[in-house]
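This report concerns only the one structure given below.
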Amino acid sequence: MKTILATLLLASSLLTGVAFAKTDISIGMQQEPTSLDPTADATASIETMMTGNVYEQLTAVQEDGSVAASLAREWTISDDGLTYVFKLRDGVKFHDGSPLSAETVKFSLDRAMAKDSANPSKSIFEPIESVTVVDPVTVEMKLKRKDAFFLFNLASGKASIMSPAAIATNADKPIGSGPYRFASWTRGDRLTLEKNPDHRDATGVQVERVTFRFMSDPAAATAALMAEEIDAFPGFPAPELLPQFQSDPRFSVNVGTTEGEVILAFNNSRKPFTDIRVRQALSYAIDRKAIIDGAMYGLATPIGSFYPPHHRAYVDLTGTYPTDVDKAKALLAEAGVAEGTELSLRVPPFPYATRSAEIIQSQFAKAGIQVKIENVEWGFWLDEIYKKLNYDMTIIAHTSPNDLGNFARDASYFYGYDNAEYHQLWDRIQTETDTAHRDELSREAQKFLAREAVHGFLFQLPALNVVRKELTGFRMSSPVQAQPLSALRWQASN
Amino acid sequence: MTRFFLRRSAGFVATLFGVSFVVFWVMNVVPGDPALVILGIDSTPEAQEALRRLLGLDQPFALRYLAWLAGMLVGDFGTSYAFRVPVADLIVERLPLTLSLAMTGMTVTIVLALGLGVLAAANHNRPVDWSVMLVSQVGIAVPAFWLSILLVIIFAVHLRWLPPGGFPGWSDPLGAARALVLPTIALAAVQSAVLARVVRASLLEVARLDFVRTARASGLARSRILWLHMLPNALVPIVTIVGMQFANVLTGTIVIENVFSLPGLGRLVFQAISNRDLPLVQALVVLFATIVVVMNFLVDIAYGVIDPKLRPAA
Amino acid sequence: MRPKRPVSLVIGAALVGLVVAAALVSLVWTPHDYEAIDVAQRFLPPSAEHWLGTDQFGRDVVSQLMAGARSSVAIAFVAVLLGGVVGSLMGLVAASAGGLVEDAVMRLTDFSLAFPALLFAIMLGALFGPSFANAVVAIAFISVPVFARVVRGAALQVRSQDYVLAARAGARTPAHILWDHVVPNVLPAITVLATIEFAIAILVEAALSYLGLGVQPPTPSWGRMLAQAQTLLYLAPQLAIYPGLCIMIAVLGFNMLGDGLRDAADPRLTEGR
């Protein structure tokens with residue numbers, strides 16, 4: 001009897017392992033969006049859940065940062081770099097049944113470019129002169145100027161191609177053309193997507209049902225992972241909790257990269273930061289290793305300029321201002337900044353920022369600078385710091401790709417930095433379509449910013465991922481915020 | 001009674017009007033532009049301007065307030081800036097959780113407080129009484145959010161009996177119930193400590209009255225006297241405090257829902273404030289204030305029902 | 001309950017004394033520098049060097065708790081003083097003026113009691129950014145209506161007593177009557193209430209700094225220590241226990257002191273709570 005039972009058990013466990021491979025997956029998300037329309041709201045988690053899954057774009061960005069075809073099957077670029085002709089895929093249907101055509105592409109882009117458009121990334125459409133329908137599957141775009149990032153930018157969720165009939169309801173019932181369609185959303189709890197059987201790649205999509213669970217609290221996220229309620233948590237919010245997952249055989253823990261540069265921003269339009277010696281002095285006062293250890297539990301890569309380290313054009317400039325308190329003091333004295341001068345540090349409510357702030361405060365104290373920390377709300381930060389430049393210093397991560405252009409905005413941008421030489425440099429980068437040459441210019445820009453010590457450059461924000469070992473195809477690094485679900489596979493466990 | 005009723009009604013309409021105006025005004029002068037919060041730091045000023053127009057934020061303050069008031073009168077709470085759906089839908093969606101939490105919290109409070117209060121009163125001036133008083137004194141002193149954290153450490157982190165937070169939704173009744181256990185305890189602990197003291201004190205007050213002595217003299221069982229004769233007569237102060245506590249428990253859910261990441265109205269109001277989602281903040285604060293005012297009103301009425309002598313003359 | 005009265009007063013006074021002493025001593029001495037960050041020394045267990053160990057930045061927990069007592073006591077003190085003065089004045093004015101003024105004051109207290117205090121504090125924080133002053137104003141705002149109501153009640157009671165009626169007949173000015181007869185007689189009520197409100201103020205301050213709306217780093221506060229420890233529950237649960245215990249001790253102390261004082265002032269009121 002015992003042996004029969006044992007055999008049965010063995011057989012059933014084999015069966016579940018092989019024949020009934022799991023076809024659903026549950027993913028933890030820290031941030032819940034308020035709307036599901038990426039063309040109307042900048043919340044990053046909208047891109048993570050929707051881009052490439054529910055909504056599709058003309059192009060798609062691969063994990064290595066290269067641009068691939070998506071709704072556009074192929075494209076040609078004129079020699080002057082100003083005319084793009086896109087050939088669309090045939091027979092694509094939106095989830096509401098309406099067909100994709102050159103007209104819908106034109107509609108979507110015209111809408112994003114329009115004068116009254118409230119698209120969160122309107123600037124990516126700024127180079128477009130016109131969008132023309134050539135035939136039902138061909139779209140021609142004319143640009144005002146060369147744009148090296150044009151194809152990359154078209155992959156953004158903000159450039160999603162949408163069904164014209166669904167525009168008004170995309171905020172809570174998203175309709176796209178992607179491999180997954182929206183099933184349900186219980187606000188405050190979960191969002192469910194299901195496989196779109198009509199999608200062109202449907203046969204290759206293994207996971208039938210994806211549930212995103214919203215968990216802002218790291219303790220709840222940990223418990224849910226441990227209890228096997230969720231299978232993966234991209235962007236895990238608490239680096240200090242990773243060791244217990246690393247020692248657990250059920251999980252693989254991956255520290256991936258993001259495009260996020262965390263900076264100690266100086267208000268360059270305000271004294272004493274108008275003086276480069278002060279900016280350099282404070283850069284000397286920063287001990288990146290201590291900040292990374294203290295705030296990120298060692299899980300971040302230091303940066304010496306404004307560029308992500310995983311990028312091929314990255315130059316390591318962390319040695320430009322090695323930690324040197326004496327030098328910092330000397331430079332401050334030279335610039336006429338008295339010992340004990342008080343500077344404000346207004347910190348937005350993100351753990352990487354609030355934790356770094358307290359460490360920077362103690363580091364600057366050694367150099368004779370009193371830092372007055374003020375932890376503020378995000379809405380307050382956007383208004384007072386970002387819009388009104390009412391601050392001395394702040395800590396923020398810039399997560400957009402290709403954002404060297406931030407320094408080429410004028411002094412009304414919250415950096416308060418305006419440098420004609422850099423403006424020219426950025427213009428050249430932006431219009432340079434030759435990759436090798438553009439990389440060279442990007443290196444030059446990084447060195448320029450480090451030399452100028454525009455900000456205190458701290459570290460690259462890591463992408464901390466906790467994923468079940470049997471789950472493959474999970475994107476660990478994020479050149480863009482998207483997390484394509486169609487690549488996910490459950491490996492039969494044994 | 002009618003006059004009293006009218007007077008109080010006028011009073012609370014005025015109070016609600018005041019609350020709504022203050023909230024509207026504060027949310028208007030608070031630094032933070034809803035359009036910027038929604039569109040993020042990569043947006044262009046042009047797009048922000050377009051969104052402000054879309055949300056009606058380009059209208060003058062007074063006009064927007066009047067429009068909001070007019071909407072309220074016909075039951076239209078407006079549309080959330082951030083969610084882009086009617087505010088009423090969002091509230092209806094979240095109300096069940098907050099109400100369930102408040103109800104379970106209140107039920108546990110009453111049961112626990114009656115038990116402890118009666119126990120203490122029955123053992124007046126004996127060690128049992130003193131221990132109950134001491135425990136309740138400590139209970140009053142414990143911050144609800146700290147108690148929540150302690151409960152999480154014990155029952156979620158160490159014993160792993162219950163989830164540390166989050167809510168699986170009503171479609172999973174067992175999971176939903178489990179998710180509400182710790183928040184309920186955290187909510188009820190402080191309130192039952194307060195109420196237990198009141199129960200005890202009013203029972204002791206009643207104990208001095210003649211009919212209790214008569215009942216005792218006639219040889220009725222102690223517990224029978226306590227529950228059937230004394231308790232009903234001690235109800236006035238108890239009901240008063242319970243009424244006030246219901247309001248406390250309801251606003252208490254604001255903190256508890258945030259500690260336990262429960263998707264109720266309390267979480268929603270936090271989110272709405274940080275999103276500068278004026279229509280949503282407005283509706284929620286007015287809703288909370290209404291409940292507080294109505295509870296106070298009901299307490300006054302209850303006085304009259306329980307003890308006609310206390311019926312207000314004015 | 002006779003034997004308990006002095007007990008309550010003694011225990012309350014002892015706990016309050018402990019908290020206030022810790023706050024005062026921290027002004028001149030703490031075992032370690034409470035701001036000194038040393039990441040290599042973080043999450044140390046209790047030892048002779050660090051009696052309660054160190055926190056997530058390697059700071060000494062005991063020193064932090066002592067300095068935290070300072071924030072709590074200072075904010076609570078200023079807030080209760082402010083709320084007590086404003087509220088008592090409102091109560092006295094309402095009681096002596098009567099009529100429309102009294103009505104207006106009472107409606108005002110209705111209004112502020114109806115406004116969820118926590119939401120008010122959050123909005124205040126959003127309005128001006130977090131600071132010591134905002135925490136004080138928010139807490140004072142909560143205690144004003146309570147003081148106003150209690151003092152008005154007490155003043156009305158005193159006013160109807162014979163000696164005040166006699167003084168009024170003697171045509172003294174209302175201000176004189178208020179000062180000579182009413183104020184001394186409502187003072188005990190105010191003292192007792194202030195002690196209780198002190199306990200509430202400490203709780204509210206803790207809640208505010210827990211939400212990030214209290215004093216700002218590096219000045220330690222119990223509420224913020226608790227908030228920061230909350231994400232570390234799996235790693236260092238003890239860090240979430242100490243600050244909560246401190247809050248509890250302080251609140252317990254002031255509550256018991258208040259009870260004891262009330263009994264001393266008017267034994268008849270004892271059974272009320």
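The way I read the labels, and the way they are meant: chains A, B, ... in the order of the structure tokens, residue 1 as the first residue of every chain, and ligand 1 as the first ligand shown, with later ones counted on from there.
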Problem - At most 10 Å to chain A: residues in chain C, only C-alpha atoms, as a ChimeraX atom specification - result: /C:35-40,42,56-58,125-131,212-219,228,230-235
May I have a table of the residues of chain C lying at most 9 Å from chain B, giving each one's closest pair of atoms and their distance in Å to one decimal, counting only C-alpha atoms, ordered by chain and ascending residue number, as a Markdown table?
```
| residue | atom | partner | partner_atom | distance |
| --- | --- | --- | --- | --- |
| C:Met1 | CA | B:Asn125 | CA | 5.8 |
| C:Arg2 | CA | B:Asn125 | CA | 8.7 |
| C:Pro3 | CA | B:Asn125 | CA | 8.8 |
| C:Lys4 | CA | B:Trp130 | CA | 8.4 |
| C:Arg107 | CA | B:Gly11 | CA | 7.3 |
| C:Leu108 | CA | B:Thr15 | CA | 8.3 |
| C:Asp110 | CA | B:Thr15 | CA | 7.1 |
| C:Phe111 | CA | B:Thr15 | CA | 5.2 |
| C:Ser112 | CA | B:Val19 | CA | 8.5 |
| C:Leu113 | CA | B:Val292 | CA | 8.5 |
| C:Ala114 | CA | B:Ala289 | CA | 5.2 |
| C:Phe115 | CA | B:Ala289 | CA | 5.7 |
| C:Pro116 | CA | B:Thr251 | CA | 6.7 |
| C:Ala117 | CA | B:Thr251 | CA | 8.8 |
| C:Leu118 | CA | B:Thr251 | CA | 8.2 |
| C:Leu119 | CA | B:Val285 | CA | 7.9 |
| C:Phe120 | CA | B:Val23 | CA | 8.8 |
| C:Ile122 | CA | B:Ile273 | CA | 8.3 |
| C:Met123 | CA | B:Val26 | CA | 7.2 |
| C:Leu124 | CA | B:Val26 | CA | 8.3 |
| C:Ala126 | CA | B:Val30 | CA | 6.1 |
| C:Leu127 | CA | B:Val30 | CA | 4.4 |
| C:Phe128 | CA | B:Val30 | CA | 7.7 |
| C:Ala199 | CA | B:Ala141 | CA | 8.0 |
| C:Ile200 | CA | B:Ala141 | CA | 8.8 |
| C:Leu203 | CA | B:Pro143 | CA | 6.4 |
| C:Val204 | CA | B:Pro143 | CA | 8.8 |
| C:Ala206 | CA | B:Pro143 | CA | 8.1 |
| C:Ala207 | CA | B:Phe145 | CA | 7.7 |
| C:Tyr210 | CA | B:Phe145 | CA | 8.7 |
| C:Leu226 | CA | B:Trp146 | CA | 7.6 |
| C:Gln230 | CA | B:Ile149 | CA | 7.1 |
| C:Leu233 | CA | B:Ile153 | CA | 6.6 |
| C:Tyr234 | CA | B:Val157 | CA | 6.7 |
| C:Pro237 | CA | B:Ile153 | CA | 6.9 |
| C:Ala240 | CA | B:Ile149 | CA | 7.4 |
| C:Ile241 | CA | B:Leu150 | CA | 7.3 |
| C:Pro243 | CA | B:Trp146 | CA | 8.9 |
| C:Gly244 | CA | B:Trp146 | CA | 5.8 |
| C:Leu245 | CA | B:Val142 | CA | 8.2 |
| C:Ile247 | CA | B:Val142 | CA | 7.5 |
| C:Met248 | CA | B:Ala141 | CA | 5.1 |
| C:Ile249 | CA | B:Ala141 | CA | 7.5 |
| C:Ala250 | CA | B:Ala141 | CA | 8.1 |
| C:Val251 | CA | B:Ala141 | CA | 5.1 |
| C:Leu252 | CA | B:Ala141 | CA | 5.1 |
| C:Gly253 | CA | B:Ala141 | CA | 8.7 |
| C:Asn255 | CA | B:Ala141 | CA | 7.8 |
| C:Met256 | CA | B:Gln137 | CA | 7.8 |
| C:Thr270 | CA | B:Ala201 | CA | 8.9 |
| C:Glu271 | CA | B:Ala201 | CA | 5.3 |
| C:Gly272 | CA | B:Ala201 | CA | 5.8 |
| C:Arg273 | CA | B:Arg197 | CA | 5.7 |
```
Store the residues of this selection in a file with C-alpha atoms, as a compact mmCIF listing (two decimals), in the first residue's frame.
```txt
# COMPACT_ATOMS: atom_id res chain seq x y z
CA MET C 1 -9.47 53.32 44.65
CA ARG C 2 -7.97 55.36 47.48
CA PRO C 3 -4.66 53.53 47.59
CA LYS C 4 -4.12 54.00 43.86
CA ARG C 107 -18.94 76.86 16.25
CA LEU C 108 -15.25 77.43 15.65
CA ASP C 110 -16.99 72.41 16.33
CA PHE C 111 -15.29 73.13 13.07
CA SER C 112 -11.80 72.31 14.22
CA LEU C 113 -12.97 69.17 16.00
CA ALA C 114 -14.65 68.02 12.80
CA PHE C 115 -11.52 68.52 10.74
CA PRO C 116 -9.44 65.34 10.87
CA ALA C 117 -6.39 66.56 12.76
CA LEU C 118 -3.97 64.35 10.94
CA LEU C 119 -5.15 65.57 7.56
CA PHE C 120 -4.74 69.12 8.75
CA ILE C 122 -0.41 66.73 6.45
CA MET C 123 -1.75 69.69 4.55
CA LEU C 124 0.20 72.07 6.74
CA ALA C 126 2.52 70.16 2.28
CA LEU C 127 1.94 73.88 2.54
CA PHE C 128 5.11 75.00 4.28
CA ALA C 199 0.51 63.16 26.45
CA ILE C 200 -1.60 63.60 23.34
CA LEU C 203 1.63 60.95 20.51
CA VAL C 204 0.75 63.33 17.71
CA ALA C 206 5.43 60.95 17.05
CA ALA C 207 2.80 60.35 14.37
CA TYR C 210 6.65 59.10 11.63
CA LEU C 226 10.37 54.29 13.96
CA GLN C 230 9.99 49.94 9.65
CA LEU C 233 11.95 44.79 10.26
CA TYR C 234 13.53 41.69 8.79
CA PRO C 237 13.49 44.61 14.45
CA ALA C 240 11.55 49.57 15.78
CA ILE C 241 11.01 48.57 19.39
CA PRO C 243 11.61 54.38 20.00
CA GLY C 244 8.08 53.03 20.42
CA LEU C 245 8.84 52.10 24.02
CA ILE C 247 6.91 57.14 23.20
CA MET C 248 4.87 54.80 25.35
CA ILE C 249 6.78 55.67 28.51
CA ALA C 250 6.42 59.39 27.91
CA VAL C 251 2.70 59.19 27.14
CA LEU C 252 2.04 56.84 30.02
CA GLY C 253 3.93 59.17 32.35
CA ASN C 255 -1.35 60.45 31.48
CA MET C 256 -0.73 59.04 34.93
CA THR C 270 -11.68 60.55 39.88
CA GLU C 271 -14.22 57.98 38.89
CA GLY C 272 -14.78 59.76 35.58
CA ARG C 273 -11.89 57.98 33.98
```
Per residue of chain B within 9 Å of chain A, which atom pair is closest and at what distance in Å (one decimal), using only C-alpha atoms, listed by chain and increasing number, as CSV?
```
residue,atom,partner,partner_atom,distance
B:Val30,CA,A:Phe380,CA,7.9
B:Pro31,CA,A:Phe380,CA,5.3
B:Gly32,CA,A:Gly379,CA,4.6
B:Asp33,CA,A:Asp383,CA,6.4
B:Pro34,CA,A:Gly379,CA,7.8
B:Ala35,CA,A:Ala118,CA,9.0
B:Leu36,CA,A:Leu382,CA,6.9
B:Val37,CA,A:Gly379,CA,6.1
B:Ile38,CA,A:Asp41,CA,5.3
B:Leu39,CA,A:Pro120,CA,4.6
B:Gly40,CA,A:Ala42,CA,5.3
B:Ile41,CA,A:Leu382,CA,7.7
B:Asp42,CA,A:Ser121,CA,6.0
B:Ser43,CA,A:Pro120,CA,4.6
B:Thr44,CA,A:Lys122,CA,6.3
B:Glu46,CA,A:Ala118,CA,7.8
B:Ala47,CA,A:Ala118,CA,4.3
B:Gln48,CA,A:Ala118,CA,6.3
B:Glu49,CA,A:Ala118,CA,7.9
B:Ala50,CA,A:Asp116,CA,5.1
B:Leu51,CA,A:Ala118,CA,5.2
B:Arg52,CA,A:Ala118,CA,8.9
B:Arg53,CA,A:Asp116,CA,8.9
B:Leu54,CA,A:Ala118,CA,8.6
B:Ala82,CA,A:Thr34,CA,5.8
B:Phe83,CA,A:Thr34,CA,4.7
B:Arg84,CA,A:Ala171,CA,6.6
B:Val85,CA,A:Asp172,CA,7.9
B:Leu90,CA,A:Arg187,CA,8.7
B:Glu93,CA,A:Arg187,CA,8.2
B:Arg94,CA,A:Arg187,CA,8.6
B:Ala156,CA,A:Ala223,CA,7.9
B:Val157,CA,A:Ala223,CA,7.9
B:Arg160,CA,A:Ala223,CA,8.4
B:Pro163,CA,A:Ala223,CA,7.0
B:Pro164,CA,A:Ala220,CA,5.3
B:Gly165,CA,A:Ala220,CA,5.3
B:Gly166,CA,A:Ala220,CA,6.6
B:Phe167,CA,A:Asp189,CA,6.4
B:Pro168,CA,A:Asp189,CA,6.6
B:Gly169,CA,A:Asp189,CA,7.0
B:Val259,CA,A:Asp217,CA,8.4
B:Phe260,CA,A:Asp217,CA,8.1
B:Ser261,CA,A:Asp217,CA,6.9
B:Leu262,CA,A:Gly188,CA,7.4
B:Pro263,CA,A:Gly188,CA,4.7
B:Gly264,CA,A:Gly188,CA,8.0
B:Arg267,CA,A:Gly188,CA,8.7
B:Leu268,CA,A:Gly188,CA,8.7
B:Ile273,CA,A:Gly379,CA,8.7
B:Ser274,CA,A:Gly379,CA,5.9
B:Asn275,CA,A:Gly379,CA,6.5
B:Arg276,CA,A:Gly379,CA,6.9
```
With N, CA and C atoms retained, export the selected residues as a short mmCIF file (atom, residue, chain, number, x, y, z; two decimals), in the first residue's frame.
```
data_model
loop_
_atom_site.label_atom_id
_atom_site.label_comp_id
_atom_site.auth_asym_id
_atom_site.auth_seq_id
_atom_site.Cartn_x
_atom_site.Cartn_y
_atom_site.Cartn_z
N VAL B 30 -1.15 75.28 -1.57
CA VAL B 30 -0.06 74.33 -1.35
C VAL B 30 0.86 74.31 -2.57
N PRO B 31 2.18 74.35 -2.34
CA PRO B 31 3.07 74.26 -3.48
C PRO B 31 2.88 72.90 -4.16
N GLY B 32 2.84 72.91 -5.47
CA GLY B 32 2.63 71.64 -6.16
C GLY B 32 1.57 71.83 -7.22
N ASP B 33 1.95 71.49 -8.44
CA ASP B 33 1.07 71.71 -9.57
C ASP B 33 0.62 70.33 -10.05
N PRO B 34 -0.70 70.05 -9.99
CA PRO B 34 -1.16 68.71 -10.39
C PRO B 34 -0.65 68.32 -11.78
N ALA B 35 -0.59 69.28 -12.68
CA ALA B 35 -0.17 68.96 -14.04
C ALA B 35 1.27 68.46 -14.04
N LEU B 36 2.11 69.09 -13.23
CA LEU B 36 3.52 68.70 -13.16
C LEU B 36 3.67 67.33 -12.49
N VAL B 37 2.85 67.10 -11.46
CA VAL B 37 2.90 65.80 -10.78
C VAL B 37 2.54 64.69 -11.77
N ILE B 38 1.52 64.94 -12.59
CA ILE B 38 1.05 63.91 -13.53
C ILE B 38 2.04 63.72 -14.68
N LEU B 39 2.55 64.82 -15.20
CA LEU B 39 3.37 64.72 -16.41
C LEU B 39 4.85 64.47 -16.13
N GLY B 40 5.30 64.70 -14.90
CA GLY B 40 6.67 64.36 -14.56
C GLY B 40 7.68 65.38 -15.04
N ILE B 41 8.97 65.09 -14.71
CA ILE B 41 9.98 66.12 -14.90
C ILE B 41 10.51 66.19 -16.33
N ASP B 42 10.09 65.28 -17.20
CA ASP B 42 10.55 65.40 -18.58
C ASP B 42 9.55 66.14 -19.46
N SER B 43 8.45 66.58 -18.86
CA SER B 43 7.42 67.21 -19.67
C SER B 43 7.80 68.65 -20.04
N THR B 44 7.23 69.11 -21.12
CA THR B 44 7.50 70.49 -21.54
C THR B 44 6.48 71.41 -20.88
N GLU B 46 4.78 73.60 -22.22
CA GLU B 46 3.64 73.67 -23.12
C GLU B 46 2.62 72.57 -22.81
N ALA B 47 3.14 71.34 -22.61
CA ALA B 47 2.25 70.22 -22.29
C ALA B 47 1.59 70.42 -20.94
N GLN B 48 2.37 70.95 -19.98
CA GLN B 48 1.79 71.19 -18.65
C GLN B 48 0.64 72.19 -18.75
N GLU B 49 0.87 73.22 -19.57
CA GLU B 49 -0.16 74.25 -19.75
C GLU B 49 -1.41 73.63 -20.37
N ALA B 50 -1.20 72.76 -21.35
CA ALA B 50 -2.33 72.11 -22.01
C ALA B 50 -3.13 71.27 -21.02
N LEU B 51 -2.42 70.57 -20.13
CA LEU B 51 -3.11 69.73 -19.16
C LEU B 51 -3.86 70.58 -18.14
N ARG B 52 -3.24 71.68 -17.74
CA ARG B 52 -3.92 72.57 -16.80
C ARG B 52 -5.24 73.07 -17.38
N ARG B 53 -5.20 73.39 -18.69
CA ARG B 53 -6.44 73.83 -19.34
C ARG B 53 -7.47 72.70 -19.33
N LEU B 54 -6.97 71.49 -19.63
CA LEU B 54 -7.86 70.33 -19.69
C LEU B 54 -8.53 70.08 -18.34
N ALA B 82 -5.82 62.81 -11.27
CA ALA B 82 -4.80 61.81 -11.53
C ALA B 82 -5.39 60.52 -12.09
N PHE B 83 -6.53 60.09 -11.55
CA PHE B 83 -7.12 58.82 -12.01
C PHE B 83 -7.95 58.98 -13.28
N ARG B 84 -8.39 60.20 -13.52
CA ARG B 84 -9.23 60.50 -14.70
C ARG B 84 -10.52 59.69 -14.73
N VAL B 85 -11.04 59.37 -13.57
CA VAL B 85 -12.36 58.75 -13.48
C VAL B 85 -13.14 59.51 -12.41
N LEU B 90 -14.24 56.14 -7.38
CA LEU B 90 -13.07 55.78 -6.57
C LEU B 90 -13.47 55.56 -5.13
N GLU B 93 -15.41 52.36 -4.64
CA GLU B 93 -14.49 51.23 -4.76
C GLU B 93 -13.75 50.97 -3.45
N ARG B 94 -13.37 52.04 -2.74
CA ARG B 94 -12.53 51.88 -1.55
C ARG B 94 -13.32 51.82 -0.25
N ALA B 156 3.90 38.46 11.65
CA ALA B 156 4.21 38.31 10.23
C ALA B 156 5.67 37.93 10.02
N VAL B 157 6.59 38.64 10.71
CA VAL B 157 8.00 38.37 10.47
C VAL B 157 8.45 37.09 11.19
N ARG B 160 5.03 34.23 11.12
CA ARG B 160 4.53 34.08 9.73
C ARG B 160 3.11 33.54 9.68
N PRO B 163 -0.25 38.02 7.07
CA PRO B 163 0.53 38.86 6.16
C PRO B 163 0.90 40.19 6.82
N PRO B 164 2.07 40.74 6.47
CA PRO B 164 2.49 41.99 7.08
C PRO B 164 1.78 43.20 6.49
N GLY B 165 1.03 42.99 5.44
CA GLY B 165 0.33 44.12 4.83
C GLY B 165 -0.20 43.71 3.48
N GLY B 166 -0.88 44.65 2.83
CA GLY B 166 -1.45 44.36 1.53
C GLY B 166 -2.83 43.76 1.68
N PHE B 167 -3.54 43.73 0.58
CA PHE B 167 -4.91 43.25 0.61
C PHE B 167 -5.18 42.46 -0.66
N PRO B 168 -5.58 41.17 -0.53
CA PRO B 168 -5.75 40.35 -1.73
C PRO B 168 -7.06 40.59 -2.46
N GLY B 169 -7.94 41.42 -1.92
CA GLY B 169 -9.22 41.67 -2.59
C GLY B 169 -10.30 40.80 -2.03
N VAL B 259 0.07 52.07 7.19
CA VAL B 259 1.07 51.16 7.75
C VAL B 259 0.94 49.78 7.10
N PHE B 260 -0.29 49.32 6.91
CA PHE B 260 -0.51 47.97 6.37
C PHE B 260 -0.73 47.94 4.86
N SER B 261 -0.51 49.06 4.19
CA SER B 261 -0.75 49.14 2.74
C SER B 261 -2.11 48.58 2.34
N LEU B 262 -3.16 49.01 3.00
CA LEU B 262 -4.50 48.56 2.64
C LEU B 262 -5.15 49.59 1.73
N PRO B 263 -5.72 49.14 0.63
CA PRO B 263 -6.29 50.08 -0.33
C PRO B 263 -7.67 50.58 0.09
N GLY B 264 -7.72 51.40 1.10
CA GLY B 264 -8.99 51.99 1.53
C GLY B 264 -8.97 53.49 1.33
N ARG B 267 -5.65 55.39 2.59
CA ARG B 267 -4.54 55.39 1.65
C ARG B 267 -4.84 56.36 0.53
N LEU B 268 -6.09 56.33 0.08
CA LEU B 268 -6.49 57.16 -1.06
C LEU B 268 -6.29 58.64 -0.75
N ILE B 273 -3.53 63.66 -1.71
CA ILE B 273 -2.83 64.87 -1.29
C ILE B 273 -1.48 64.97 -1.99
N SER B 274 -0.76 63.85 -2.07
CA SER B 274 0.56 63.98 -2.69
C SER B 274 0.46 64.16 -4.20
N ASN B 275 -0.63 63.72 -4.81
CA ASN B 275 -0.82 63.97 -6.23
C ASN B 275 -1.42 65.35 -6.50
N ARG B 276 -1.76 66.07 -5.43
CA ARG B 276 -2.44 67.36 -5.58
C ARG B 276 -3.74 67.18 -6.36
#
```
Practice task
Apply DSSP to the backbone of this structure and, from stretch 225-443 of chain A, keep only the residues in helix (DSSP H, G or I); write these as a PyMOL selection string.
Solution key: chain A and resi 225-226+239-246+276-285+288-296+325-334+351-366+378-387+404-408+420-431+435-443
Problem - Between atom CA of A:Arg438 and atom CA of A:Ala265 - distance in Å to one decimal - result: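 We find that atom CA of A:Ala265 and atom CA of A:Arg438 lie 25.9 Å from each other.
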Practice task
Mind checking which residues fall within 7 Å of stretch 135-143 of chain C, counting only C-alpha atoms, ignoring those fewer than 2 positions away in the same chain, and posting them as a VMD selection string?
Solution key: chain C and resid 75 78 to 80 82 to 83 117 121 131 to 133 145 to 147 197 201 204 to 205 213 to 214
Practice task
Write out as a list in words the residues lying within 10 Å of B:Val299, counting only C-alpha atoms and excluding same-chain residues fewer than 6 positions away.
Solution key: Val236, Pro237, Val239, Thr240, Ile241, Val242, Gly243, Met244, Val293 and Val305 of chain B
Mind dumping the selected residues with N, CA and C atoms as a compact mmCIF listing (two decimals), in the first residue's frame?
```
# COMPACT_ATOMS: atom_id res chain seq x y z
N VAL B 236 -25.33 55.63 29.16
CA VAL B 236 -25.22 56.97 28.56
C VAL B 236 -23.77 57.39 28.28
N PRO B 237 -22.91 57.39 29.30
CA PRO B 237 -21.54 57.80 28.98
C PRO B 237 -20.86 56.82 28.02
N VAL B 239 -22.22 55.08 25.55
CA VAL B 239 -22.65 55.35 24.18
C VAL B 239 -22.00 56.63 23.66
N THR B 240 -21.90 57.63 24.52
CA THR B 240 -21.26 58.87 24.10
C THR B 240 -19.85 58.60 23.59
N ILE B 241 -19.10 57.87 24.42
CA ILE B 241 -17.71 57.62 24.06
C ILE B 241 -17.65 56.74 22.81
N VAL B 242 -18.54 55.74 22.71
CA VAL B 242 -18.54 54.87 21.54
C VAL B 242 -18.77 55.70 20.28
N GLY B 243 -19.70 56.63 20.37
CA GLY B 243 -19.97 57.49 19.21
C GLY B 243 -18.75 58.28 18.81
N MET B 244 -18.11 58.88 19.81
CA MET B 244 -16.90 59.64 19.50
C MET B 244 -15.81 58.73 18.98
N VAL B 293 -19.05 64.66 12.16
CA VAL B 293 -20.13 65.54 12.59
C VAL B 293 -21.42 64.74 12.81
N VAL B 305 -32.77 59.38 23.59
CA VAL B 305 -33.46 58.10 23.52
C VAL B 305 -33.20 57.28 24.78
```
Practice task
May I ask which of the residues A:Phe94, A:Phe448, A:Phe149, A:Phe266 is the closest one to A:Gly416, counting only C-alpha atoms?
Solution key: A:Phe266
